[in-house]
>>> print(open('upload.pdb').read())   # PDB, C-alpha atoms, pLDDT in the B column
ATOM      1  CA  MET A   1       0.000   0.000   0.000  1.00 43.00           C
ATOM      2  CA  THR A   2       2.792   2.441   0.863  1.00 45.00           C
ATOM      3  CA  ARG A   3       4.383   1.843  -2.525  1.00 52.00           C
ATOM      4  CA  GLY A   4       1.097   2.699  -4.259  1.00 53.00           C
ATOM      5  CA  ILE A   5       0.799   5.942  -2.285  1.00 50.00           C
ATOM      6  CA  VAL A   6       4.372   6.921  -3.182  1.00 46.00           C
ATOM      7  CA  ARG A   7       3.653   6.221  -6.866  1.00 58.00           C
ATOM      8  CA  LEU A   8       0.405   8.191  -6.587  1.00 57.00           C
ATOM      9  CA  MET A   9       2.110  11.190  -4.987  1.00 58.00           C
ATOM     10  CA  ASN A  10       4.778  11.036  -7.704  1.00 78.00           C
ATOM     11  CA  ALA A  11       2.011  11.197 -10.334  1.00 82.00           C
ATOM     12  CA  PHE A  12       0.572  14.296  -8.642  1.00 85.00           C
ATOM     13  CA  ASP A  13       4.037  15.889  -8.567  1.00 88.00           C
ATOM     14  CA  VAL A  14       4.533  15.131 -12.252  1.00 91.00           C
ATOM     15  CA  LEU A  15       1.090  16.471 -13.171  1.00 91.00           C
ATOM     16  CA  GLY A  16       1.692  19.639 -11.191  1.00 92.00           C
ATOM     17  CA  ASP A  17       3.491  21.046 -14.217  1.00 95.00           C
ATOM     18  CA  PRO A  18       1.207  22.699 -16.819  1.00 96.00           C
ATOM     19  CA  VAL A  19       3.393  21.586 -19.734  1.00 97.00           C
ATOM     20  CA  ARG A  20       3.123  17.936 -18.712  1.00 97.00           C
ATOM     21  CA  ARG A  21      -0.635  18.258 -18.151  1.00 96.00           C
ATOM     22  CA  GLU A  22      -0.958  19.711 -21.649  1.00 97.00           C
ATOM     23  CA  ILE A  23       1.101  16.868 -23.127  1.00 98.00           C
ATOM     24  CA  LEU A  24      -1.148  14.368 -21.381  1.00 96.00           C
ATOM     25  CA  GLN A  25      -4.261  16.140 -22.693  1.00 96.00           C
ATOM     26  CA  LEU A  26      -2.824  16.042 -26.208  1.00 97.00           C
ATOM     27  CA  LEU A  27      -2.143  12.324 -25.854  1.00 97.00           C
ATOM     28  CA  ALA A  28      -5.630  11.725 -24.452  1.00 95.00           C
ATOM     29  CA  ARG A  29      -6.904  12.429 -27.991  1.00 96.00           C
ATOM     30  CA  GLY A  30      -4.803   9.525 -29.285  1.00 96.00           C
ATOM     31  CA  GLU A  31      -1.231   8.457 -29.749  1.00 96.00           C
ATOM     32  CA  GLN A  32       1.089  11.093 -31.184  1.00 97.00           C
ATOM     33  CA  PRO A  33       4.550  11.105 -32.723  1.00 97.00           C
ATOM     34  CA  ALA A  34       7.189  12.956 -30.737  1.00 97.00           C
ATOM     35  CA  GLY A  35       7.593  15.504 -33.537  1.00 96.00           C
ATOM     36  CA  LYS A  36       3.963  16.571 -33.348  1.00 97.00           C
ATOM     37  CA  ILE A  37       4.133  16.806 -29.547  1.00 98.00           C
ATOM     38  CA  VAL A  38       7.210  19.022 -29.853  1.00 97.00           C
ATOM     39  CA  ASP A  39       5.506  21.225 -32.462  1.00 97.00           C
ATOM     40  CA  VAL A  40       2.259  21.651 -30.499  1.00 97.00           C
ATOM     41  CA  ILE A  41       3.740  22.002 -27.015  1.00 97.00           C
ATOM     42  CA  GLY A  42       6.760  23.993 -28.161  1.00 96.00           C
ATOM     43  CA  SER A  43       4.604  26.587 -29.876  1.00 96.00           C
ATOM     44  CA  ARG A  44       2.008  26.708 -27.094  1.00 96.00           C
ATOM     45  CA  PHE A  45       4.558  27.210 -24.317  1.00 97.00           C
ATOM     46  CA  GLY A  46       7.440  28.734 -26.261  1.00 97.00           C
ATOM     47  CA  ILE A  47       9.870  25.993 -25.254  1.00 97.00           C
ATOM     48  CA  SER A  48      12.551  24.136 -27.201  1.00 97.00           C
ATOM     49  CA  GLN A  49      12.579  20.554 -28.479  1.00 96.00           C
ATOM     50  CA  PRO A  50      14.991  19.458 -25.717  1.00 97.00           C
ATOM     51  CA  ALA A  51      12.677  20.946 -23.085  1.00 97.00           C
ATOM     52  CA  VAL A  52       9.647  19.091 -24.497  1.00 97.00           C
ATOM     53  CA  SER A  53      11.734  15.903 -24.654  1.00 96.00           C
ATOM     54  CA  GLN A  54      12.625  16.320 -20.983  1.00 96.00           C
ATOM     55  CA  HIS A  55       8.938  16.645 -20.072  1.00 96.00           C
ATOM     56  CA  LEU A  56       8.188  13.498 -22.085  1.00 96.00           C
ATOM     57  CA  LYS A  57      10.962  11.685 -20.196  1.00 94.00           C
ATOM     58  CA  VAL A  58       9.462  12.726 -16.846  1.00 93.00           C
ATOM     59  CA  LEU A  59       6.042  11.451 -17.980  1.00 94.00           C
ATOM     60  CA  ARG A  60       7.619   8.160 -19.137  1.00 93.00           C
ATOM     61  CA  ASP A  61       9.570   7.722 -15.899  1.00 90.00           C
ATOM     62  CA  ALA A  62       6.368   8.283 -13.913  1.00 89.00           C
ATOM     63  CA  GLY A  63       4.624   5.643 -16.017  1.00 90.00           C
ATOM     64  CA  LEU A  64       1.990   8.065 -17.298  1.00 93.00           C
ATOM     65  CA  VAL A  65       2.962   7.589 -20.950  1.00 95.00           C
ATOM     66  CA  THR A  66       4.540   4.852 -22.993  1.00 96.00           C
ATOM     67  CA  VAL A  67       6.643   5.160 -26.121  1.00 97.00           C
ATOM     68  CA  ARG A  68       7.191   2.793 -29.010  1.00 96.00           C
ATOM     69  CA  ALA A  69       9.440   2.981 -32.021  1.00 96.00           C
ATOM     70  CA  ASP A  70       7.902   3.230 -35.488  1.00 94.00           C
ATOM     71  CA  GLY A  71      10.938   3.282 -37.741  1.00 95.00           C
ATOM     72  CA  VAL A  72      12.816   6.406 -36.762  1.00 95.00           C
ATOM     73  CA  ARG A  73       9.753   7.979 -35.138  1.00 96.00           C
ATOM     74  CA  ARG A  74       8.802   7.673 -31.480  1.00 96.00           C
ATOM     75  CA  ILE A  75       5.070   7.316 -30.831  1.00 98.00           C
ATOM     76  CA  TYR A  76       3.718   8.306 -27.416  1.00 98.00           C
ATOM     77  CA  THR A  77       0.548   7.001 -25.783  1.00 97.00           C
ATOM     78  CA  VAL A  78      -1.164   7.554 -22.424  1.00 96.00           C
ATOM     79  CA  ASP A  79      -0.825   4.663 -19.981  1.00 93.00           C
ATOM     80  CA  PRO A  80      -4.184   4.678 -18.165  1.00 90.00           C
ATOM     81  CA  ALA A  81      -3.078   2.566 -15.160  1.00 87.00           C
ATOM     82  CA  PRO A  82      -1.588   5.430 -13.084  1.00 86.00           C
ATOM     83  CA  LEU A  83      -4.567   7.613 -13.985  1.00 87.00           C
ATOM     84  CA  ARG A  84      -6.892   4.905 -12.634  1.00 85.00           C
ATOM     85  CA  GLU A  85      -4.922   4.991  -9.373  1.00 84.00           C
ATOM     86  CA  ILE A  86      -5.447   8.761  -9.192  1.00 84.00           C
ATOM     87  CA  ASP A  87      -9.134   8.299  -9.956  1.00 85.00           C
ATOM     88  CA  ASP A  88      -9.448   5.636  -7.255  1.00 84.00           C
ATOM     89  CA  TRP A  89      -7.758   7.923  -4.736  1.00 83.00           C
ATOM     90  CA  LEU A  90     -10.052  10.817  -5.666  1.00 84.00           C
ATOM     91  CA  MET A  91     -13.112   8.612  -5.082  1.00 85.00           C
ATOM     92  CA  ALA A  92     -12.967   9.399  -1.358  1.00 85.00           C
ATOM     93  CA  PHE A  93     -13.331  13.119  -2.146  1.00 84.00           C
ATOM     94  CA  ARG A  94     -16.058  13.003  -4.798  1.00 80.00           C
ATOM     95  CA  SER A  95     -18.739  13.402  -2.136  1.00 81.00           C
ATOM     96  CA  PHE A  96     -17.512  16.993  -1.682  1.00 82.00           C
ATOM     97  CA  TRP A  97     -18.325  18.081  -5.235  1.00 79.00           C
ATOM     98  CA  GLU A  98     -20.658  15.554  -6.875  1.00 79.00           C
ATOM     99  CA  PRO A  99     -23.836  16.686  -5.046  1.00 79.00           C
ATOM    100  CA  LYS A 100     -23.028  20.277  -6.001  1.00 79.00           C
ATOM    101  CA  LEU A 101     -22.468  19.302  -9.619  1.00 83.00           C
ATOM    102  CA  ASP A 102     -25.732  17.336  -9.588  1.00 83.00           C
ATOM    103  CA  ALA A 103     -27.544  20.382  -8.169  1.00 85.00           C
ATOM    104  CA  LEU A 104     -25.945  22.591 -10.819  1.00 87.00           C
ATOM    105  CA  GLU A 105     -27.050  20.189 -13.548  1.00 88.00           C
ATOM    106  CA  THR A 106     -30.605  20.312 -12.179  1.00 91.00           C
ATOM    107  CA  GLU A 107     -30.584  24.122 -12.146  1.00 91.00           C
ATOM    108  CA  ILE A 108     -29.240  24.287 -15.685  1.00 93.00           C
ATOM    109  CA  ALA A 109     -31.984  21.918 -16.865  1.00 92.00           C
ATOM    110  CA  ARG A 110     -34.600  24.047 -15.044  1.00 92.00           C
ATOM    111  CA  GLY A 111     -33.298  27.197 -16.691  1.00 92.00           C
ATOM    112  CA  LYS A 112     -33.356  25.603 -20.139  1.00 93.00           C
ATOM    113  CA  ARG A 113     -36.889  24.336 -19.574  1.00 92.00           C
ATOM    114  CA  GLN A 114     -38.007  27.788 -18.371  1.00 91.00           C
ATOM    115  CA  ARG A 115     -36.482  29.516 -21.411  1.00 91.00           C
ATOM    116  CA  ARG A 116     -38.151  26.994 -23.710  1.00 91.00           C
ATOM    117  CA  LEU A 117     -41.534  27.615 -22.050  1.00 90.00           C
ATOM    118  CA  GLU A 118     -41.068  31.385 -22.302  1.00 88.00           C
ATOM    119  CA  GLN A 119     -40.131  31.110 -25.979  1.00 88.00           C
ATOM    120  CA  ASN A 120     -43.201  28.975 -26.684  1.00 87.00           C
ATOM    121  CA  GLU A 121     -45.401  31.555 -24.943  1.00 83.00           C
ATOM    122  CA  THR A 122     -44.013  34.461 -27.009  1.00 75.00           C
ATOM    123  CA  ARG A 123     -44.103  32.727 -30.387  1.00 68.00           C
ATOM    124  CA  PRO A 124     -47.918  32.724 -30.811  1.00 61.00           C
ATOM    125  CA  GLU A 125     -47.992  36.458 -29.980  1.00 55.00           C
ATOM    126  CA  GLN A 126     -45.319  37.169 -32.557  1.00 56.00           C
ATOM    127  CA  ARG A 127     -47.366  35.335 -35.180  1.00 51.00           C
ATOM    128  CA  LYS A 128     -50.508  37.329 -34.300  1.00 56.00           C
ATOM    129  CA  SER A 129     -48.702  40.698 -34.441  1.00 55.00           C
ATOM    130  CA  SER A 130     -47.117  39.937 -37.804  1.00 53.00           C
ATOM    131  CA  ALA A 131     -50.455  38.900 -39.386  1.00 52.00           C
TER
END
>>> encode(input="upload.pdb", output="structure tokens")
Amino acid sequence: MTRGIVRLMNAFDVLGDPVRREILQLLARGEQPAGKIVDVIGSRFGISQPAVSQHLKVLRDAGLVTVRADGVRRIYTVDPAPLREIDDWLMAFRSFWEPKLDALETEIARGKRQRRLEQNETRPEQRKSSA
């Protein structure tokens, strides 16, 4: 158990960096060649290819991404296992925000329903005034 907590805390440390979070979000859309990651992240954050490569190494070392060779290219992919560990750990805290999100969803639905009813009430009047 202690080993899992250490690995989990390491994942949080790694994900504390906005560049690494952005790389992970990019990879969440699907596997990407290193060159594309460098282009996207380098331009977004104004950092060099070696800097992006270092961030990729940190993500690999933490087990959050995997890399495979495809000829001379390196293809990166998210490894979901550490993210599941983070999700499992967060489960204990969901009770703090899920009821609020559920209440927000209910209020949004109420507002949409109210707007729809108001629009339906004004439409017949608009038709009468334009006739």
>>> closest_residue(input="upload.pdb", among="A:Arg84, A:Lys36, A:Arg68, A:Arg44", to="A:Ala11", atoms="all atoms listed in the file")
A:Arg84
>>> axis_aligned_box(input="upload.pdb", around="stretch 24-42 of chain A", padding_each_side="4 Å", output="lines of an AutoDock Vina configuration file")
center_x = 0.3
center_y = 16.2
center_z = -27.5
size_x = 22.5
size_y = 23.5
size_z = 20.2
>>> atom_distance(input="upload.pdb", atom1="atom CA of A:Arg94", atom2="atom CA of A:Val14")
22.0 Å
>>> resolve_selection(input="upload.pdb", expression="the PyMOL selection byres ((chain A and resi 15-17) around 12)", output="PyMOL selection string")
chain A and resi 8-14+18-25+45+55-56+58-59+62-65+82-83+86
>>> atom_distance(input="upload.pdb", atom1="atom CA of A:Val40", atom2="atom CA of A:Thr66")
18.5 Å
>>> atom_distance(input="upload.pdb", atom1="atom CA of A:Gln54", atom2="atom CA of A:Tyr76")
13.6 Å
>>> build_atoms(input="upload.pdb", residues="stretch 19-54 of chain A", atoms="N, CA and C atoms", output="PDB file, in the frame of the given file")
ATOM      1  N   VAL A  19       2.927  22.131 -18.455  1.00 97.00           N
ATOM      2  CA  VAL A  19       3.393  21.586 -19.734  1.00 97.00           C
ATOM      3  C   VAL A  19       3.089  20.093 -19.793  1.00 97.00           C
ATOM      4  N   ARG A  20       3.370  19.382 -18.718  1.00 97.00           N
ATOM      5  CA  ARG A  20       3.123  17.936 -18.712  1.00 97.00           C
ATOM      6  C   ARG A  20       1.629  17.633 -18.753  1.00 97.00           C
ATOM      7  N   ARG A  21       0.825  18.456 -18.073  1.00 96.00           N
ATOM      8  CA  ARG A  21      -0.635  18.258 -18.151  1.00 96.00           C
ATOM      9  C   ARG A  21      -1.114  18.454 -19.585  1.00 96.00           C
ATOM     10  N   GLU A  22      -0.566  19.441 -20.258  1.00 97.00           N
ATOM     11  CA  GLU A  22      -0.958  19.711 -21.649  1.00 97.00           C
ATOM     12  C   GLU A  22      -0.527  18.566 -22.567  1.00 97.00           C
ATOM     13  N   ILE A  23       0.649  18.026 -22.342  1.00 98.00           N
ATOM     14  CA  ILE A  23       1.101  16.868 -23.127  1.00 98.00           C
ATOM     15  C   ILE A  23       0.139  15.704 -22.912  1.00 98.00           C
ATOM     16  N   LEU A  24      -0.225  15.464 -21.679  1.00 96.00           N
ATOM     17  CA  LEU A  24      -1.148  14.368 -21.381  1.00 96.00           C
ATOM     18  C   LEU A  24      -2.504  14.599 -22.041  1.00 96.00           C
ATOM     19  N   GLN A  25      -2.987  15.839 -22.028  1.00 96.00           N
ATOM     20  CA  GLN A  25      -4.261  16.140 -22.693  1.00 96.00           C
ATOM     21  C   GLN A  25      -4.163  15.920 -24.195  1.00 96.00           C
ATOM     22  N   LEU A  26      -3.041  16.287 -24.787  1.00 97.00           N
ATOM     23  CA  LEU A  26      -2.824  16.042 -26.208  1.00 97.00           C
ATOM     24  C   LEU A  26      -2.855  14.546 -26.500  1.00 97.00           C
ATOM     25  N   LEU A  27      -2.185  13.774 -25.658  1.00 97.00           N
ATOM     26  CA  LEU A  27      -2.143  12.324 -25.854  1.00 97.00           C
ATOM     27  C   LEU A  27      -3.474  11.649 -25.539  1.00 97.00           C
ATOM     28  N   ALA A  28      -4.312  12.297 -24.752  1.00 95.00           N
ATOM     29  CA  ALA A  28      -5.630  11.725 -24.452  1.00 95.00           C
ATOM     30  C   ALA A  28      -6.485  11.652 -25.712  1.00 95.00           C
ATOM     31  N   ARG A  29      -6.173  12.462 -26.715  1.00 96.00           N
ATOM     32  CA  ARG A  29      -6.904  12.429 -27.991  1.00 96.00           C
ATOM     33  C   ARG A  29      -6.447  11.262 -28.873  1.00 96.00           C
ATOM     34  N   GLY A  30      -5.337  10.644 -28.513  1.00 96.00           N
ATOM     35  CA  GLY A  30      -4.803   9.525 -29.285  1.00 96.00           C
ATOM     36  C   GLY A  30      -3.292   9.599 -29.333  1.00 96.00           C
ATOM     37  N   GLU A  31      -2.687   8.483 -29.708  1.00 96.00           N
ATOM     38  CA  GLU A  31      -1.231   8.457 -29.749  1.00 96.00           C
ATOM     39  C   GLU A  31      -0.703   9.501 -30.723  1.00 96.00           C
ATOM     40  N   GLN A  32       0.492  10.009 -30.402  1.00 97.00           N
ATOM     41  CA  GLN A  32       1.089  11.093 -31.184  1.00 97.00           C
ATOM     42  C   GLN A  32       2.575  10.838 -31.368  1.00 97.00           C
ATOM     43  N   PRO A  33       3.097  11.187 -32.543  1.00 97.00           N
ATOM     44  CA  PRO A  33       4.550  11.105 -32.723  1.00 97.00           C
ATOM     45  C   PRO A  33       5.232  12.237 -31.947  1.00 97.00           C
ATOM     46  N   ALA A  34       6.438  11.973 -31.525  1.00 97.00           N
ATOM     47  CA  ALA A  34       7.189  12.956 -30.737  1.00 97.00           C
ATOM     48  C   ALA A  34       7.285  14.292 -31.457  1.00 97.00           C
ATOM     49  N   GLY A  35       7.472  14.267 -32.771  1.00 96.00           N
ATOM     50  CA  GLY A  35       7.593  15.504 -33.537  1.00 96.00           C
ATOM     51  C   GLY A  35       6.361  16.387 -33.423  1.00 96.00           C
ATOM     52  N   LYS A  36       5.192  15.782 -33.472  1.00 97.00           N
ATOM     53  CA  LYS A  36       3.963  16.571 -33.348  1.00 97.00           C
ATOM     54  C   LYS A  36       3.834  17.140 -31.934  1.00 97.00           C
ATOM     55  N   ILE A  37       4.185  16.325 -30.934  1.00 98.00           N
ATOM     56  CA  ILE A  37       4.133  16.806 -29.547  1.00 98.00           C
ATOM     57  C   ILE A  37       5.048  18.008 -29.390  1.00 98.00           C
ATOM     58  N   VAL A  38       6.246  17.908 -29.936  1.00 97.00           N
ATOM     59  CA  VAL A  38       7.210  19.022 -29.853  1.00 97.00           C
ATOM     60  C   VAL A  38       6.648  20.255 -30.544  1.00 97.00           C
ATOM     61  N   ASP A  39       6.058  20.076 -31.730  1.00 97.00           N
ATOM     62  CA  ASP A  39       5.506  21.225 -32.462  1.00 97.00           C
ATOM     63  C   ASP A  39       4.386  21.903 -31.670  1.00 97.00           C
ATOM     64  N   VAL A  40       3.424  21.101 -31.200  1.00 97.00           N
ATOM     65  CA  VAL A  40       2.259  21.651 -30.499  1.00 97.00           C
ATOM     66  C   VAL A  40       2.664  22.281 -29.176  1.00 97.00           C
ATOM     67  N   ILE A  41       3.376  21.529 -28.357  1.00 97.00           N
ATOM     68  CA  ILE A  41       3.740  22.002 -27.015  1.00 97.00           C
ATOM     69  C   ILE A  41       4.779  23.118 -27.098  1.00 97.00           C
ATOM     70  N   GLY A  42       5.735  22.961 -27.999  1.00 96.00           N
ATOM     71  CA  GLY A  42       6.760  23.993 -28.161  1.00 96.00           C
ATOM     72  C   GLY A  42       6.161  25.332 -28.533  1.00 96.00           C
ATOM     73  N   SER A  43       5.212  25.317 -29.468  1.00 96.00           N
ATOM     74  CA  SER A  43       4.604  26.587 -29.876  1.00 96.00           C
ATOM     75  C   SER A  43       3.668  27.129 -28.802  1.00 96.00           C
ATOM     76  N   ARG A  44       2.957  26.259 -28.115  1.00 96.00           N
ATOM     77  CA  ARG A  44       2.008  26.708 -27.094  1.00 96.00           C
ATOM     78  C   ARG A  44       2.715  27.323 -25.885  1.00 96.00           C
ATOM     79  N   PHE A  45       3.864  26.744 -25.516  1.00 97.00           N
ATOM     80  CA  PHE A  45       4.558  27.210 -24.317  1.00 97.00           C
ATOM     81  C   PHE A  45       5.848  27.964 -24.628  1.00 97.00           C
ATOM     82  N   GLY A  46       6.217  28.034 -25.897  1.00 97.00           N
ATOM     83  CA  GLY A  46       7.440  28.734 -26.261  1.00 97.00           C
ATOM     84  C   GLY A  46       8.687  28.064 -25.718  1.00 97.00           C
ATOM     85  N   ILE A  47       8.708  26.725 -25.764  1.00 97.00           N
ATOM     86  CA  ILE A  47       9.870  25.993 -25.254  1.00 97.00           C
ATOM     87  C   ILE A  47      10.514  25.186 -26.379  1.00 97.00           C
ATOM     88  N   SER A  48      11.754  24.818 -26.179  1.00 97.00           N
ATOM     89  CA  SER A  48      12.551  24.136 -27.201  1.00 97.00           C
ATOM     90  C   SER A  48      12.236  22.641 -27.263  1.00 97.00           C
ATOM     91  N   GLN A  49      12.730  22.011 -28.318  1.00 96.00           N
ATOM     92  CA  GLN A  49      12.579  20.554 -28.479  1.00 96.00           C
ATOM     93  C   GLN A  49      13.215  19.800 -27.314  1.00 96.00           C
ATOM     94  N   PRO A  50      14.424  20.171 -26.865  1.00 97.00           N
ATOM     95  CA  PRO A  50      14.991  19.458 -25.717  1.00 97.00           C
ATOM     96  C   PRO A  50      14.138  19.599 -24.451  1.00 97.00           C
ATOM     97  N   ALA A  51      13.525  20.747 -24.270  1.00 97.00           N
ATOM     98  CA  ALA A  51      12.677  20.946 -23.085  1.00 97.00           C
ATOM     99  C   ALA A  51      11.435  20.053 -23.158  1.00 97.00           C
ATOM    100  N   VAL A  52      10.812  19.977 -24.332  1.00 97.00           N
ATOM    101  CA  VAL A  52       9.647  19.091 -24.497  1.00 97.00           C
ATOM    102  C   VAL A  52      10.075  17.645 -24.281  1.00 97.00           C
ATOM    103  N   SER A  53      11.225  17.269 -24.832  1.00 96.00           N
ATOM    104  CA  SER A  53      11.734  15.903 -24.654  1.00 96.00           C
ATOM    105  C   SER A  53      11.947  15.575 -23.176  1.00 96.00           C
ATOM    106  N   GLN A  54      12.422  16.549 -22.425  1.00 96.00           N
ATOM    107  CA  GLN A  54      12.625  16.320 -20.983  1.00 96.00           C
ATOM    108  C   GLN A  54      11.283  16.093 -20.290  1.00 96.00           C
TER     109      GLN A  54
END
